[in-house]
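*Asks:* Structure: input.txt, compact mmCIF, C-alpha atoms.
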# COMPACT_ATOMS: atom_id res chain seq x y z
CA MET A 1 2.50 26.04 -23.93
CA ARG A 2 4.00 26.90 -20.55
CA ALA A 3 3.15 24.28 -17.95
CA ALA A 4 3.83 24.30 -14.21
CA VAL A 5 3.66 21.11 -12.18
CA VAL A 6 3.40 21.39 -8.40
CA GLY A 7 4.55 18.31 -6.51
CA GLY A 8 7.69 16.26 -7.04
CA GLY A 9 6.39 12.80 -6.18
CA VAL A 10 6.12 10.03 -8.73
CA TYR A 11 2.88 11.49 -10.11
CA GLY A 12 4.22 15.04 -10.50
CA CYS A 13 7.54 13.93 -11.96
CA THR A 14 5.97 11.58 -14.50
CA VAL A 15 3.47 14.25 -15.52
CA ALA A 16 6.29 16.79 -15.94
CA VAL A 17 8.35 14.43 -18.11
CA ASP A 18 5.42 13.56 -20.36
CA LEU A 19 4.34 17.19 -20.76
CA ALA A 20 7.88 18.12 -21.76
CA HIS A 21 8.02 15.28 -24.27
CA ALA A 22 4.73 16.55 -25.69
CA GLY A 23 6.47 19.82 -26.53
CA HIS A 24 5.45 21.99 -23.59
CA GLN A 25 7.79 24.20 -21.58
CA VAL A 26 7.68 22.67 -18.09
CA ASP A 27 8.63 23.88 -14.63
CA LEU A 28 8.36 21.41 -11.74
CA TYR A 29 8.11 22.73 -8.17
CA GLU A 30 8.82 20.55 -5.13
CA ARG A 31 8.75 21.86 -1.56
CA HIS A 32 11.21 19.27 -0.27
CA ARG A 33 14.97 19.25 -0.84
CA ALA A 34 14.74 16.31 -3.23
CA LEU A 35 12.23 14.47 -5.35
CA LEU A 36 10.07 11.56 -4.12
CA LEU A 37 10.45 12.36 -0.42
CA GLY A 38 6.77 12.45 0.53
CA ALA A 39 4.06 9.83 0.11
CA THR A 40 5.96 8.10 -2.72
CA ARG A 41 8.63 7.08 -0.24
CA GLY A 42 6.46 6.79 2.87
CA ASN A 43 4.39 3.82 1.68
CA GLN A 44 5.02 0.08 1.61
CA GLY A 45 6.53 0.15 -1.88
CA ARG A 46 4.22 -2.48 -3.33
CA LEU A 47 3.40 -2.52 -7.04
CA HIS A 48 -0.23 -3.56 -6.68
CA ALA A 49 -1.85 -5.89 -9.20
CA GLY A 50 -5.33 -5.64 -7.69
CA TYR A 51 -5.24 -8.32 -4.99
CA HIS A 52 -5.53 -5.79 -2.18
CA TYR A 53 -9.03 -4.64 -3.16
CA PRO A 54 -11.62 -7.45 -3.04
CA ARG A 55 -14.35 -4.93 -2.08
CA SER A 56 -13.66 -2.55 -4.97
CA SER A 57 -13.65 -4.25 -8.35
CA ALA A 58 -12.95 -0.92 -10.08
CA THR A 59 -9.81 -0.29 -7.99
CA ALA A 60 -8.62 -3.86 -8.52
CA ALA A 61 -9.13 -3.70 -12.29
CA ALA A 62 -7.37 -0.34 -12.56
CA ALA A 63 -4.44 -1.57 -10.46
CA ARG A 64 -4.07 -4.59 -12.73
CA VAL A 65 -3.75 -2.40 -15.82
CA ASP A 66 -1.75 0.36 -14.15
CA ALA A 67 0.82 -2.04 -12.67
CA ALA A 68 1.64 -3.34 -16.14
CA GLY A 69 2.01 0.20 -17.48
CA PHE A 70 4.20 1.24 -14.56
CA ALA A 71 6.47 -1.80 -14.94
CA ALA A 72 6.86 -1.13 -18.66
CA ARG A 73 7.77 2.51 -18.03
CA PHE A 74 10.09 1.98 -15.05
CA PRO A 75 11.46 -1.57 -15.39
CA ALA A 76 14.69 -0.89 -13.49
CA ALA A 77 12.71 0.27 -10.44
CA VAL A 78 10.53 -2.86 -10.31
CA ASP A 79 11.90 -5.72 -8.22
CA ARG A 80 10.27 -9.09 -8.86
CA SER A 81 12.69 -11.18 -6.83
CA GLY A 82 10.45 -11.60 -3.78
CA ARG A 83 7.43 -13.71 -2.89
CA HIS A 84 4.12 -12.03 -2.11
CA CYS A 85 1.34 -13.49 -0.05
CA TYR A 86 -2.19 -12.30 0.80
CA ALA A 87 -4.05 -13.99 3.64
CA VAL A 88 -7.59 -13.66 5.02
CA ALA A 89 -7.87 -13.43 8.79
CA LYS A 90 -10.03 -16.07 10.46
CA GLN A 91 -11.78 -13.53 12.64
CA GLY A 92 -13.04 -10.03 11.87
CA SER A 93 -12.33 -9.98 8.14
CA LEU A 94 -14.72 -8.12 5.87
CA THR A 95 -14.02 -10.75 3.18
CA THR A 96 -14.44 -14.50 3.59
CA ALA A 97 -11.88 -17.00 2.34
CA GLN A 98 -14.33 -18.28 -0.27
CA ALA A 99 -15.16 -14.78 -1.48
CA TYR A 100 -11.49 -13.84 -1.66
CA LEU A 101 -10.59 -16.86 -3.78
CA ALA A 102 -13.48 -16.08 -6.12
CA PHE A 103 -12.23 -12.50 -6.35
CA CYS A 104 -8.71 -13.68 -7.21
CA ASP A 105 -10.17 -15.90 -9.95
CA SER A 106 -12.02 -12.88 -11.34
CA LEU A 107 -8.72 -11.02 -11.76
CA GLY A 108 -7.69 -13.54 -14.37
CA GLY A 109 -5.49 -15.95 -12.51
CA GLY A 110 -1.86 -15.75 -11.48
CA HIS A 111 -2.45 -16.60 -7.83
CA VAL A 112 -1.67 -19.90 -6.13
CA VAL A 113 -3.21 -21.13 -2.89
CA ALA A 114 -0.20 -21.70 -0.67
CA ASP A 115 -0.18 -21.84 3.11
CA SER A 116 2.91 -20.48 4.82
CA PRO A 117 4.53 -21.72 8.06
CA LEU A 118 5.10 -18.06 8.88
CA LEU A 119 1.34 -17.39 9.15
CA GLN A 120 -1.20 -18.14 11.85
CA GLY A 121 -4.79 -17.11 12.53
CA THR A 122 -5.68 -17.01 8.83
CA SER A 123 -8.24 -19.02 6.87
CA VAL A 124 -6.59 -18.97 3.45
CA ALA A 125 -3.34 -17.68 1.92
CA VAL A 126 -2.46 -17.12 -1.71
CA ARG A 127 0.83 -16.34 -3.42
CA VAL A 128 0.43 -13.63 -6.06
CA PRO A 129 2.53 -12.19 -8.92
CA GLU A 130 3.25 -8.72 -7.54
CA ALA A 131 6.49 -6.76 -7.16
CA PHE A 132 8.30 -4.17 -5.07
CA ILE A 133 9.16 -0.63 -6.12
CA ASP A 134 12.68 0.60 -5.44
CA VAL A 135 12.05 4.28 -4.76
CA ASP A 136 15.75 5.22 -4.90
CA THR A 137 16.09 3.70 -8.37
CA LEU A 138 12.82 5.33 -9.42
CA ARG A 139 14.06 8.72 -8.22
CA ALA A 140 17.31 8.38 -10.15
CA GLN A 141 15.48 7.45 -13.35
CA LEU A 142 13.03 10.34 -13.05
CA ARG A 143 15.87 12.80 -12.45
CA LEU A 144 17.50 11.67 -15.67
CA GLU A 145 14.21 11.78 -17.59
CA LEU A 146 13.40 15.29 -16.36
CA ALA A 147 16.82 16.54 -17.41
CA ALA A 148 16.70 14.81 -20.80
CA ALA A 149 13.22 16.21 -21.48
CA GLY A 150 14.33 19.74 -20.64
CA ALA A 151 11.97 20.19 -17.68
CA ARG A 152 13.23 22.73 -15.14
CA VAL A 153 13.16 21.43 -11.56
CA HIS A 154 12.86 23.81 -8.60
CA LEU A 155 13.60 22.05 -5.31
CA GLY A 156 12.87 23.52 -1.90
CA ARG A 157 10.17 25.72 -3.46
CA GLU A 158 6.74 25.71 -1.85
CA VAL A 159 4.48 27.68 -4.17
CA ASP A 160 0.88 28.81 -4.38
CA PRO A 161 -0.45 27.22 -7.61
CA GLY A 162 -2.76 30.19 -8.15
CA THR A 163 0.15 32.60 -8.44
CA LEU A 164 2.14 30.70 -11.06
CA ASP A 165 2.58 32.35 -14.45
CA ALA A 166 1.73 29.41 -16.72
CA ASP A 167 -0.85 28.40 -19.29
CA LEU A 168 -1.42 25.11 -17.47
CA VAL A 169 -0.92 24.37 -13.77
CA VAL A 170 -0.98 20.74 -12.64
CA VAL A 171 -1.35 20.22 -8.89
CA ALA A 172 -0.03 16.76 -7.97
CA THR A 173 0.40 17.23 -4.23
CA TYR A 174 -1.49 14.17 -3.00
CA GLY A 175 -4.70 15.91 -2.08
CA ARG A 176 -3.45 19.32 -1.00
CA GLY A 177 -5.61 21.86 -2.80
CA TRP A 178 -8.31 19.32 -3.71
CA PRO A 179 -11.61 21.27 -3.89
CA VAL A 180 -13.71 19.01 -1.64
CA PRO A 181 -12.95 17.50 1.78
CA LEU A 182 -10.75 14.42 2.05
CA ARG A 183 -9.82 12.12 4.89
CA TRP A 184 -6.27 12.96 5.96
CA GLU A 185 -4.19 10.51 7.96
CA VAL A 186 -0.79 10.99 9.58
CA CYS A 187 0.73 7.53 9.11
CA GLU A 188 3.75 5.68 10.41
CA VAL A 189 5.48 2.84 8.61
CA ALA A 190 7.96 1.15 10.95
CA LEU A 191 11.10 -0.36 9.45
CA VAL A 192 11.94 -3.54 11.35
CA GLY A 193 14.67 -6.13 10.94
CA LEU A 194 13.40 -9.70 10.80
CA GLY A 195 15.10 -13.08 10.59
CA ALA A 196 16.35 -14.70 7.42
CA HIS A 197 13.13 -16.74 7.08
CA TYR A 198 11.31 -13.52 6.13
CA ALA A 199 13.89 -12.45 3.54
CA ARG A 200 12.29 -11.26 0.28
CA ARG A 201 8.83 -12.24 1.54
CA SER A 202 5.87 -9.90 1.85
CA PHE A 203 2.57 -10.56 3.56
CA VAL A 204 -0.77 -8.75 3.70
CA VAL A 205 -3.40 -9.94 6.18
CA MET A 206 -6.85 -8.70 5.27
CA ASP A 207 -9.52 -7.51 4.95
CA GLY A 208 -10.10 -4.68 7.40
CA GLU A 209 -8.04 -3.45 10.34
CA PHE A 210 -5.13 -5.82 9.92
CA THR A 211 -1.47 -5.63 9.03
CA SER A 212 1.25 -6.05 6.40
CA LEU A 213 4.97 -6.75 6.15
CA ASP A 214 6.95 -5.80 3.04
CA PRO A 215 10.71 -6.01 2.44
CA VAL A 216 12.30 -2.67 1.67
CA PRO A 217 14.37 -2.54 -1.57
CA GLY A 218 17.86 -1.25 -0.89
CA ARG A 219 17.69 -2.09 2.83
CA PRO A 220 18.60 -5.79 3.21
CA GLY A 221 16.87 -7.37 6.18
CA ALA A 222 14.43 -4.49 6.71
CA HIS A 223 10.67 -4.85 6.40
CA ALA A 224 8.07 -2.10 6.29
CA LEU A 225 5.47 -2.84 8.95
CA TYR A 226 2.04 -1.23 8.61
CA ASP A 227 -1.01 -1.68 10.80
CA VAL A 228 -4.31 -0.32 9.51
CA ALA A 229 -5.31 0.90 12.98
CA GLU A 230 -2.07 1.55 14.89
CA SER A 231 -0.14 3.19 12.04
CA VAL A 232 -2.63 6.07 11.87
CA HIS A 233 -1.55 8.61 14.51
CA ALA A 234 -4.07 11.30 13.62
CA ALA A 235 -6.94 11.73 11.18
CA ASN A 236 -9.35 14.44 10.10
CA VAL A 237 -11.79 15.17 7.30
CA GLY A 238 -11.39 18.56 5.66
CA LEU A 239 -9.65 20.55 2.97
CA ALA A 240 -6.22 20.19 4.62
CA PRO A 241 -4.55 17.83 7.09
CA VAL A 242 -4.48 18.66 10.79
CA VAL A 243 -1.06 17.50 11.98
CA PRO A 244 -0.36 17.41 15.74
CA ASP A 245 2.61 19.55 16.73
CA HIS A 246 4.62 16.60 18.03
CA LEU A 247 4.38 14.86 14.64
CA ALA A 248 4.92 17.80 12.30
CA ALA A 249 8.71 17.68 12.53
CA LEU A 250 8.75 13.95 11.73
CA LEU A 251 7.00 14.15 8.37
CA ASP A 252 8.85 13.15 5.20
CA ARG A 253 12.25 13.08 6.90
CA GLY A 254 13.18 9.54 6.10
CA PRO A 255 13.65 6.92 8.84
CA VAL A 256 13.49 8.67 12.22
CA PHE A 257 13.72 7.44 15.79
CA THR A 258 11.18 9.02 18.10
CA GLU A 259 9.40 8.43 21.37
CA HIS A 260 6.15 8.87 19.44
CA THR A 261 6.56 5.64 17.49
CA ARG A 262 3.83 3.02 17.79
CA ARG A 263 6.00 0.18 16.60
CA GLU A 264 5.37 -1.96 19.71
CA ALA A 265 1.60 -1.76 19.22
CA MET A 266 2.12 -2.48 15.52
CA LEU A 267 4.28 -5.50 16.35
CA ALA A 268 1.68 -6.73 18.84
CA GLY A 269 -0.88 -6.69 16.05
CA ALA A 270 1.51 -8.44 13.69
CA ARG A 271 2.18 -11.24 16.18
CA ARG A 272 -1.46 -12.30 15.91
CA TYR A 273 -0.76 -13.44 12.36
CA PHE A 274 3.01 -13.79 11.87
CA CYS A 275 5.10 -16.52 13.49
CA ARG A 276 8.79 -16.33 14.38
CA LEU A 277 9.00 -12.54 14.57
CA GLY A 278 11.29 -12.69 17.59
CA MET A 279 12.44 -9.29 18.82
CA PRO A 280 12.83 -7.24 15.63
CA VAL A 281 15.40 -4.48 15.46
CA HIS A 282 13.85 -1.07 14.81
CA HIS A 283 15.53 0.74 11.90
CA GLY A 284 13.45 3.89 12.34
CA SER A 285 10.04 4.90 11.02
CA LEU A 286 8.68 6.81 8.06
CA PHE A 287 5.98 9.38 8.82
CA THR A 288 3.87 10.95 6.09
CA VAL A 289 0.38 12.27 5.39
CA ARG A 290 -2.02 10.17 3.35
CA ALA A 291 -5.15 11.48 1.62
CA VAL A 292 -8.09 9.21 0.82
CA LEU A 293 -11.74 9.69 0.02
CA PRO A 294 -13.79 10.11 3.21
CA ASP A 295 -16.75 7.92 2.26
CA VAL A 296 -15.28 4.63 1.03
CA ASP A 297 -15.13 2.51 4.19
CA ALA A 298 -17.47 -0.04 2.63
CA THR A 299 -15.30 -0.60 -0.45
CA ASP A 300 -11.82 0.77 0.40
CA ALA A 301 -11.77 2.22 -3.13
CA ARG A 302 -8.60 4.06 -4.20
CA PRO A 303 -9.36 5.74 -7.55
CA THR A 304 -7.19 8.35 -9.21
CA LEU A 305 -9.35 11.43 -9.71
CA TYR A 306 -9.04 14.64 -11.73
CA HIS A 307 -10.56 18.09 -11.31
CA ARG A 308 -10.13 20.88 -13.83
CA ASP A 309 -10.77 24.52 -12.94
CA GLY A 310 -9.87 26.73 -15.87
CA ARG A 311 -6.13 26.43 -16.47
CA THR A 312 -5.58 24.33 -13.31
CA VAL A 313 -5.79 20.55 -13.22
CA HIS A 314 -5.75 18.79 -9.85
CA VAL A 315 -4.72 15.14 -9.70
CA LEU A 316 -5.73 13.10 -6.66
CA ALA A 317 -3.47 10.05 -6.66
CA GLY A 318 -4.88 6.60 -6.02
CA LYS A 319 -2.14 3.96 -5.99
CA ILE A 320 1.49 4.54 -6.96
CA ASP A 321 0.90 2.31 -10.01
CA GLY A 322 -1.38 4.95 -11.51
CA ALA A 323 1.30 7.59 -12.14
CA VAL A 324 1.90 6.59 -15.76
CA ALA A 325 -1.80 6.55 -16.67
CA ALA A 326 -2.27 9.88 -14.87
CA ALA A 327 0.50 11.48 -16.91
CA GLU A 328 -1.13 10.29 -20.12
CA ARG A 329 -4.45 11.77 -19.00
CA VAL A 330 -2.89 15.14 -18.16
CA VAL A 331 -1.11 15.33 -21.54
CA THR A 332 -4.48 14.77 -23.20
CA LEU A 333 -6.03 17.55 -21.10
CA ALA A 334 -3.12 19.83 -22.04
CA GLY A 335 -3.78 19.12 -25.69
CA ASP A 336 -7.42 20.05 -25.21
CA LEU A 337 -6.36 23.38 -23.70
CA VAL A 338 -4.09 24.11 -26.66
CA SER A 339 -6.88 23.29 -29.10
CA ALA A 340 -9.49 25.39 -27.26
What does this structure look like when you write it as structure tokens?

*Replies:*
Amino acid sequence: MRAAVVGGGVYGCTVAVDLAHAGHQVDLYERHRALLLGATRGNQGRLHAGYHYPRSSATAAAARVDAAGFAARFPAAVDRSGRHCYAVAKQGSLTTAQAYLAFCDSLGGGHVVADSPLLQGTSVAVRVPEAFIDVDTLRAQLRLELAAAGARVHLGREVDPGTLDADLVVVATYGRGWPVPLRWEVCEVALVGLGAHYARRSFVVMDGEFTSLDPVPGRPGAHALYDVAESVHAANVGLAPVVPDHLAALLDRGPVFTEHTRREAMLAGARRYFCRLGMPVHHGSLFTVRAVLPDVDATDARPTLYHRDGRTVHVLAGKIDGAVAAAERVVTLAGDLVSA
């Protein structure tokens, strides 16, 4: 069967490889000049194991399973050398310290209650067995896998999925083309240089409009700073993102320096919870568009969803961990089409 995959992020690439291994003739189309330049690169690079989602047991359970599958598939791209900490803010959190510890217990263990001298304004902190994802290593591995599987890769090609001559079209474009409205957010992740005491340490303060710091694989001394409120420059609910003109040129370009950065506001938020930040050096910011469900404020759920319309299968990515499971699901759907 001839299969076309639209979207060269980690979801699209993994789907394309697995379809090719299943015996299908695969063409992969990516609008950027290289693979994994969009949302795959513009996130914090955390391989979630569920700890981020105390208000969505389904998301947490899926992340737990998906993280293991991702690590088994892409071991070279998974960096376990750091230390990961989740902390509950004393004020304004949607989850209490007691409830969060009970949630961690429900995940099956692995966490350790451990206060950090780098934290303040939090009621409890736990160290958890998570990992980082090295996107550059992941990109290199997927390039090799695509070539070895015989999938044809078309870079710099923005295509209309409805016009592709294929028996199966998989749309893995992080929400673009999804048949019902989504919440679209234009997000900034600031890359900041911190002191040696933060080396290889990541922190997430939760649960609500708080902040996170994650070291960036391949960039020694750089941390990805994200603030749930300040990082979102624009948002809309609809079938497509509405991107302000002054931000459009910044999207998916890699670290950029711009007057439109909100890094100072993001740092101000971080200083409520992180000690010894000093005056961090700004190494540029990553801007990208994120798509999430519009009605999940109460749970913060991040499921991976599928929609089939004839020969077209849309994949709405949840967490980066879910790429391997999504590819397996699409191969099954392809087999159903062949059998029909």

*Asks:* Which residue out of A:Gly193, A:Gly12, A:Gly7, A:Gly38 has the minimum interatomic distance to A:His283 when all atoms listed in the file are used?

*Replies:*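 Closest to A:His283 of all the choices is A:Gly193.
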
*Asks:* So which residues touch A:Thr299 within 12 Å, counting only C-alpha atoms, skipping near sequence neighbours fewer than 4 positions away, as a ChimeraX atom specification?

*Replies:* /A:52-60,94-95,207-208,293-295,303

*Asks:* A:Gln141, A:Ser339, A:Asn236, A:Gln91: which is nearest A:Ala291, counting all atoms listed in the file?

*Replies:*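 Closest candidate: A:Asn236.
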
*Asks:* Just give me the gap between atom CA of A:Glu188 and atom CA of A:Asp115 in Å, one decimal is fine.

*Replies:* 28.7 Å

*Asks:* Would you compute the distance between atom CA of A:Gly82 and atom CA of A:Asp321? Give it in Å to one decimal.

*Replies:*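 Straight-line distance from atom CA of A:Gly82 to atom CA of A:Asp321 works out to 18.0 Å.
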
*Asks:* Around all the atoms of stretch 119-122 of chain A listed in the file, with 5 Å of room on each side, what axis-aligned box do you get, giving centre and edge lengths in Å to one decimal, as lines of an AutoDock Vina configuration file?

*Replies:*
center_x = -2.2
center_y = -17.6
center_z = 10.7
size_x = 17.0
size_y = 11.1
size_z = 13.7

*Asks:* Fewer than 3 positions away in the same chain doesn't count, so skip those; otherwise give me all residues within 8 Å of A:Gly23, counting only C-alpha atoms, as a list in words.

*Replies:*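 Listed by chain and then number, they are Met1, Leu19 and Ala20 of chain A.
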
*Asks:* Between stretch 169-228 of chain A and stretch 253-268 of chain A, at 12 Å or less, what are the per-residue closest atom pairs and their distances in Å? Count all atoms listed in the file, order by chain and rising residue number, and return it as a tab-separated table.

*Replies:*
residue	atom	partner	partner_atom	distance
A:Cys187	CA	A:Arg262	CA	10.3
A:Glu188	CA	A:Thr261	CA	7.6
A:Val189	CA	A:Arg263	CA	8.4
A:Ala190	CA	A:Arg263	CA	6.1
A:Leu191	CA	A:Pro255	CA	7.7
A:Val192	CA	A:Arg263	CA	8.8
A:Gly193	CA	A:Leu267	CA	11.7
A:Leu194	CA	A:Leu267	CA	11.5
A:Glu209	CA	A:Met266	CA	11.4
A:Phe210	CA	A:Met266	CA	9.8
A:Thr211	CA	A:Met266	CA	8.1
A:Ser212	CA	A:Met266	CA	9.8
A:Leu213	CA	A:Leu267	CA	10.3
A:Arg219	CA	A:Pro255	CA	11.6
A:Ala222	CA	A:Pro255	CA	11.6
A:His223	CA	A:Leu267	CA	11.8
A:Ala224	CA	A:Arg263	CA	10.8
A:Leu225	CA	A:Met266	CA	7.4
A:Tyr226	CA	A:Met266	CA	7.0
A:Asp227	CA	A:Met266	CA	5.7
A:Val228	CA	A:Met266	CA	9.1
